[in-house]
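Source file: coords-v3.cif (mmCIF, C-alpha atoms, pLDDT in the B column; chains and numbers go by the auth columns)
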```
data_structure
#
loop_
_atom_site.group_PDB
_atom_site.id
_atom_site.type_symbol
_atom_site.label_atom_id
_atom_site.label_comp_id
_atom_site.label_asym_id
_atom_site.label_seq_id
_atom_site.Cartn_x
_atom_site.Cartn_y
_atom_site.Cartn_z
_atom_site.B_iso_or_equiv
_atom_site.auth_seq_id
_atom_site.auth_asym_id
ATOM 1 C CA MET A 1 -40.234 3.976 10.707 58.00 251 A
ATOM 2 C CA LYS A 2 -36.603 3.139 9.904 65.00 252 A
ATOM 3 C CA ARG A 3 -34.155 6.009 10.399 66.00 253 A
ATOM 4 C CA VAL A 4 -31.728 6.671 7.555 60.00 254 A
ATOM 5 C CA GLU A 5 -28.453 8.384 8.369 67.00 255 A
ATOM 6 C CA THR A 6 -26.225 10.010 5.809 67.00 256 A
ATOM 7 C CA ILE A 7 -22.520 9.630 6.365 72.00 257 A
ATOM 8 C CA TYR A 8 -20.300 12.353 4.972 74.00 258 A
ATOM 9 C CA TRP A 9 -16.602 12.421 4.189 74.00 259 A
ATOM 10 C CA PRO A 10 -14.404 15.293 5.444 78.00 260 A
ATOM 11 C CA GLY A 11 -15.619 18.650 4.198 82.00 261 A
ATOM 12 C CA GLY A 12 -19.205 17.383 3.940 82.00 262 A
ATOM 13 C CA LYS A 13 -18.546 15.437 0.754 80.00 263 A
ATOM 14 C CA GLU A 14 -21.003 12.632 0.037 80.00 264 A
ATOM 15 C CA ARG A 15 -18.718 10.521 -2.161 81.00 265 A
ATOM 16 C CA ALA A 16 -15.078 9.504 -2.182 80.00 266 A
ATOM 17 C CA LEU A 17 -12.711 8.534 -4.962 83.00 267 A
ATOM 18 C CA THR A 18 -10.063 5.983 -4.029 86.00 268 A
ATOM 19 C CA LEU A 19 -6.958 5.330 -6.064 94.00 269 A
ATOM 20 C CA SER A 20 -4.113 2.951 -5.356 95.00 270 A
ATOM 21 C CA TYR A 21 -0.908 2.072 -7.135 96.00 271 A
ATOM 22 C CA ASP A 22 1.537 -0.770 -6.584 94.00 272 A
ATOM 23 C CA ASP A 23 5.292 -1.262 -6.649 92.00 273 A
ATOM 24 C CA GLY A 24 6.692 2.294 -6.523 93.00 274 A
ATOM 25 C CA ARG A 25 7.394 2.534 -10.246 93.00 275 A
ATOM 26 C CA TYR A 26 9.454 5.460 -11.526 94.00 276 A
ATOM 27 C CA GLU A 27 6.299 6.858 -13.156 95.00 277 A
ATOM 28 C CA ASP A 28 5.030 7.675 -9.638 97.00 278 A
ATOM 29 C CA TYR A 29 7.161 10.841 -9.687 98.00 279 A
ATOM 30 C CA ARG A 30 4.976 12.305 -12.451 98.00 280 A
ATOM 31 C CA LEU A 31 1.787 10.651 -11.170 98.00 281 A
ATOM 32 C CA VAL A 32 2.126 12.163 -7.690 98.00 282 A
ATOM 33 C CA GLU A 33 2.797 15.577 -9.234 98.00 283 A
ATOM 34 C CA MET A 34 -0.505 15.344 -11.128 97.00 284 A
ATOM 35 C CA LEU A 35 -2.424 13.994 -8.122 97.00 285 A
ATOM 36 C CA ASN A 36 -1.113 16.828 -5.948 97.00 286 A
ATOM 37 C CA LYS A 37 -1.963 19.433 -8.599 97.00 287 A
ATOM 38 C CA TYR A 38 -5.623 18.362 -8.523 93.00 288 A
ATOM 39 C CA GLY A 39 -5.822 17.615 -4.785 92.00 289 A
ATOM 40 C CA ILE A 40 -6.387 13.889 -5.254 93.00 290 A
ATOM 41 C CA LYS A 41 -5.156 11.504 -2.566 93.00 291 A
ATOM 42 C CA SER A 42 -3.969 7.985 -3.248 96.00 292 A
ATOM 43 C CA THR A 43 -2.461 4.937 -1.597 97.00 293 A
ATOM 44 C CA PHE A 44 0.902 3.602 -2.755 97.00 294 A
ATOM 45 C CA HIS A 45 1.580 -0.066 -1.976 97.00 295 A
ATOM 46 C CA LEU A 46 5.335 -0.520 -1.787 96.00 296 A
ATOM 47 C CA CYS A 47 7.731 -3.444 -1.405 92.00 297 A
ATOM 48 C CA ILE A 48 11.387 -3.230 -0.500 90.00 298 A
ATOM 49 C CA PRO A 49 12.671 -1.884 -3.845 85.00 299 A
ATOM 50 C CA GLU A 50 16.040 -3.641 -3.773 80.00 300 A
ATOM 51 C CA LEU A 51 14.194 -6.950 -3.534 79.00 301 A
ATOM 52 C CA LEU A 52 11.475 -6.042 -6.053 79.00 302 A
ATOM 53 C CA ALA A 53 14.025 -4.874 -8.637 76.00 303 A
ATOM 54 C CA LYS A 54 15.443 -8.402 -8.797 74.00 304 A
ATOM 55 C CA LEU A 55 11.972 -9.796 -9.471 74.00 305 A
ATOM 56 C CA ILE A 56 10.895 -7.347 -12.169 73.00 306 A
ATOM 57 C CA GLY A 57 14.236 -7.273 -13.961 74.00 307 A
ATOM 58 C CA GLY A 58 15.354 -3.729 -14.460 72.00 308 A
ATOM 59 C CA ALA A 59 12.174 -1.642 -14.309 79.00 309 A
ATOM 60 C CA ALA A 60 12.912 1.806 -12.918 89.00 310 A
ATOM 61 C CA LEU A 61 11.619 2.326 -9.376 91.00 311 A
ATOM 62 C CA VAL A 62 11.242 5.305 -7.053 94.00 312 A
ATOM 63 C CA ASP A 63 14.368 5.855 -4.960 93.00 313 A
ATOM 64 C CA PRO A 64 13.535 4.918 -1.333 94.00 314 A
ATOM 65 C CA LYS A 65 15.174 8.126 -0.104 94.00 315 A
ATOM 66 C CA ASP A 66 12.333 9.957 -1.901 96.00 316 A
ATOM 67 C CA TYR A 67 9.451 8.019 -0.297 96.00 317 A
ATOM 68 C CA GLU A 68 8.825 10.438 2.573 95.00 318 A
ATOM 69 C CA SER A 69 8.805 13.584 0.427 96.00 319 A
ATOM 70 C CA LEU A 70 7.254 12.140 -2.751 97.00 320 A
ATOM 71 C CA TYR A 71 4.350 10.374 -1.072 97.00 321 A
ATOM 72 C CA ARG A 72 3.744 13.063 1.614 96.00 322 A
ATOM 73 C CA GLY A 73 -0.007 13.630 1.942 95.00 323 A
ATOM 74 C CA HIS A 74 -0.771 10.213 0.461 96.00 324 A
ATOM 75 C CA GLU A 75 -0.816 6.822 2.168 96.00 325 A
ATOM 76 C CA ILE A 76 2.127 4.442 2.045 97.00 326 A
ATOM 77 C CA SER A 77 1.031 0.840 2.437 97.00 327 A
ATOM 78 C CA CYS A 78 2.673 -2.612 2.484 97.00 328 A
ATOM 79 C CA HIS A 79 2.936 -4.837 -0.565 96.00 329 A
ATOM 80 C CA MET A 80 5.113 -7.474 1.166 95.00 330 A
ATOM 81 C CA ALA A 81 8.899 -7.347 1.105 92.00 331 A
ATOM 82 C CA HIS A 82 9.573 -9.552 -1.952 90.00 332 A
ATOM 83 C CA HIS A 83 6.218 -9.271 -3.821 91.00 333 A
ATOM 84 C CA PRO A 84 5.442 -13.005 -3.319 92.00 334 A
ATOM 85 C CA PHE A 85 2.303 -15.108 -3.781 95.00 335 A
ATOM 86 C CA PRO A 86 1.147 -15.159 -0.131 96.00 336 A
ATOM 87 C CA ALA A 87 -1.584 -17.785 -0.606 96.00 337 A
ATOM 88 C CA TRP A 88 1.165 -20.291 -1.444 96.00 338 A
ATOM 89 C CA MET A 89 3.316 -19.469 1.605 96.00 339 A
ATOM 90 C CA PRO A 90 3.462 -20.864 5.142 98.00 340 A
ATOM 91 C CA ASP A 91 2.211 -18.587 7.917 98.00 341 A
ATOM 92 C CA GLU A 92 5.645 -17.711 9.299 98.00 342 A
ATOM 93 C CA ALA A 93 6.922 -16.661 5.872 97.00 343 A
ATOM 94 C CA ILE A 94 3.878 -14.404 5.374 97.00 344 A
ATOM 95 C CA ARG A 95 4.405 -12.854 8.797 97.00 345 A
ATOM 96 C CA ALA A 96 8.068 -12.193 8.011 97.00 346 A
ATOM 97 C CA GLU A 97 7.227 -10.655 4.619 96.00 347 A
ATOM 98 C CA VAL A 98 4.673 -8.281 6.141 97.00 348 A
ATOM 99 C CA THR A 99 6.743 -7.386 9.204 97.00 349 A
ATOM 100 C CA ASP A 100 9.945 -6.753 7.218 96.00 350 A
ATOM 101 C CA ASN A 101 8.028 -4.609 4.721 96.00 351 A
ATOM 102 C CA ARG A 102 6.156 -2.687 7.432 97.00 352 A
ATOM 103 C CA LEU A 103 9.275 -1.882 9.467 97.00 353 A
ATOM 104 C CA TYR A 104 11.179 -0.826 6.336 96.00 354 A
ATOM 105 C CA LEU A 105 8.392 1.524 5.204 97.00 355 A
ATOM 106 C CA GLU A 106 7.805 2.975 8.678 97.00 356 A
ATOM 107 C CA ALA A 107 11.486 3.876 8.965 96.00 357 A
ATOM 108 C CA LEU A 108 11.279 5.764 5.668 94.00 358 A
ATOM 109 C CA CYS A 109 7.902 7.481 5.990 93.00 359 A
ATOM 110 C CA GLY A 110 7.922 8.166 9.741 93.00 360 A
ATOM 111 C CA TYR A 111 4.424 6.947 10.599 94.00 361 A
ATOM 112 C CA PRO A 112 2.703 3.608 11.322 96.00 362 A
ATOM 113 C CA VAL A 113 1.946 1.595 8.186 97.00 363 A
ATOM 114 C CA ARG A 114 -1.221 -0.418 8.714 96.00 364 A
ATOM 115 C CA GLY A 115 -2.617 -1.124 5.237 96.00 365 A
ATOM 116 C CA MET A 116 -1.556 -3.468 2.485 94.00 366 A
ATOM 117 C CA SER A 117 -2.248 -4.811 -0.965 96.00 367 A
ATOM 118 C CA TYR A 118 -1.819 -8.528 -1.633 97.00 368 A
ATOM 119 C CA PRO A 119 0.757 -9.081 -4.403 95.00 369 A
ATOM 120 C CA TYR A 120 -0.889 -10.601 -7.477 94.00 370 A
ATOM 121 C CA GLY A 121 -4.217 -10.484 -5.601 93.00 371 A
ATOM 122 C CA SER A 122 -3.098 -13.704 -3.894 95.00 372 A
ATOM 123 C CA PHE A 123 -4.826 -14.165 -0.536 95.00 373 A
ATOM 124 C CA SER A 124 -7.088 -16.400 1.513 96.00 374 A
ATOM 125 C CA GLU A 125 -8.794 -16.223 4.907 97.00 375 A
ATOM 126 C CA ARG A 126 -5.626 -17.733 6.393 97.00 376 A
ATOM 127 C CA VAL A 127 -3.451 -15.042 4.789 97.00 377 A
ATOM 128 C CA ILE A 128 -5.780 -12.334 6.100 97.00 378 A
ATOM 129 C CA ARG A 129 -5.516 -13.719 9.650 97.00 379 A
ATOM 130 C CA VAL A 130 -1.708 -13.825 9.503 97.00 380 A
ATOM 131 C CA CYS A 131 -1.526 -10.290 8.122 97.00 381 A
ATOM 132 C CA ARG A 132 -3.800 -8.998 10.868 96.00 382 A
ATOM 133 C CA ARG A 133 -1.554 -10.599 13.490 96.00 383 A
ATOM 134 C CA ALA A 134 1.394 -8.838 11.797 95.00 384 A
ATOM 135 C CA GLY A 135 -0.254 -5.448 12.328 94.00 385 A
ATOM 136 C CA MET A 136 -2.273 -4.890 9.171 96.00 386 A
ATOM 137 C CA GLU A 137 -5.637 -3.231 9.741 95.00 387 A
ATOM 138 C CA ASN A 138 -6.926 -3.041 6.168 93.00 388 A
ATOM 139 C CA SER A 139 -6.138 -4.571 2.811 92.00 389 A
ATOM 140 C CA ARG A 140 -7.235 -4.870 -0.775 88.00 390 A
#
```
Here is the file; what I need is its structure written in the form of structure tokens.
Amino acid sequence: MKRVETIYWPGGKERALTLSYDDGRYEDYRLVEMLNKYGIKSTFHLCIPELLAKLIGGAALVDPKDYESLYRGHEISCHMAHHPFPAWMPDEAIRAEVTDNRLYLEALCGYPVRGMSYPYGSFSERVIRVCRRAGMENSR
């Protein structure tokens, strides 16, 4: 007879809710307040805001000096430095985007950043391999 094992999340919970948000928009200040109020954890995929601001033309973003305190208790994850289309890029450019973003975020949040979200959902098996070599352990 086949043995069935039940895997539980911390606290014996049988299910998990996952939430993730991209770009570090100004609205994250209020969002994180609500998430914290209800004990909900999330992942925030962040670029280098000075570079992203040029791309999105004036949208208000979270101040990088607030990353460590605002996102405390949540996960900070890479979203590539300039928010590019990685599937269209050469390997070395992808590696640089991920590495620059990772080092920037680690300096601000104080812990290893090992997850990422592909900007625009743009990825391929090649992109995944390059990102893994650049230190990413998980992605969406």
inquiry  = Neighbouring residues of Ser367 in chain A were defined as those with any atom within 8 Å, considering only C-alpha atoms; residues of the same chain fewer than 3 positions away were excluded. Please report them as a PyMOL selection string.
reply    = chain A and resi 272+295+327-329+371+389-390
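For range 332-343 of chain A, the residues within 8 Å (counting all atoms listed in the file, excluding itself and residues fewer than 4 positions away along the chain) are Cys297, Ile298, Leu301, Leu302, Leu305, Glu347, Tyr368, Pro369, Tyr370, Ser372, Phe373, Ser374, Val377 and Val380 of chain A.
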ask   = Written as JSON, numbers by chain, what is the full residue list that the PyMOL selection byres ((chain A and resi 283-294) around 7) yields on the file shown?
value = {"A": [268, 269, 270, 271, 272, 279, 280, 281, 282, 295, 296, 324, 325, 326, 327]}
task = Go through A:Ala266, A:Ala384, A:Ile344, A:Leu358 one by one, measure the shortest atom-to-atom distance of each to Ser319 in chain A using all atoms listed in the file, and give the residue with the smallest value.
result =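 Nearest to Ser319 in chain A: A:Leu358.
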query = In Å, with one decimal, what is the gap from CA of Tyr258 in chain A to CA of Gly323 in chain A?
reply =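 Value for the CA of Tyr258 in chain A-CA of Gly323 in chain A distance: 20.6 Å.
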query = Separation of CA of Cys359 in chain A and CA of Tyr317 in chain A, in Å?
reply =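 CA of Tyr317 in chain A lies at a distance of 6.5 Å from CA of Cys359 in chain A.
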ask   = Given the choices A:Ala357, A:Pro362, A:Val348, A:Pro299, which gets closest to Arg382 in chain A if the distance is worked out from only C-alpha atoms?
value =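 Of the candidates, the smallest distance to Arg382 in chain A is held by A:Val348.
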One-decimal distance in Å that lies between CA of Met386 in chain A and CA of Arg364 in chain A =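 Rounded to one decimal, the two atoms are 4.6 Å apart.
Near Leu311 in chain A, within a cut-off of 10 Å and counting only C-alpha atoms, sit the residues Asp273, Gly274, Arg275, Tyr276, Glu277, Asp278, Tyr279, Pro299, Glu300, Leu302 and Ala303 of chain A, with same-chain residues fewer than 4 positions away left out.
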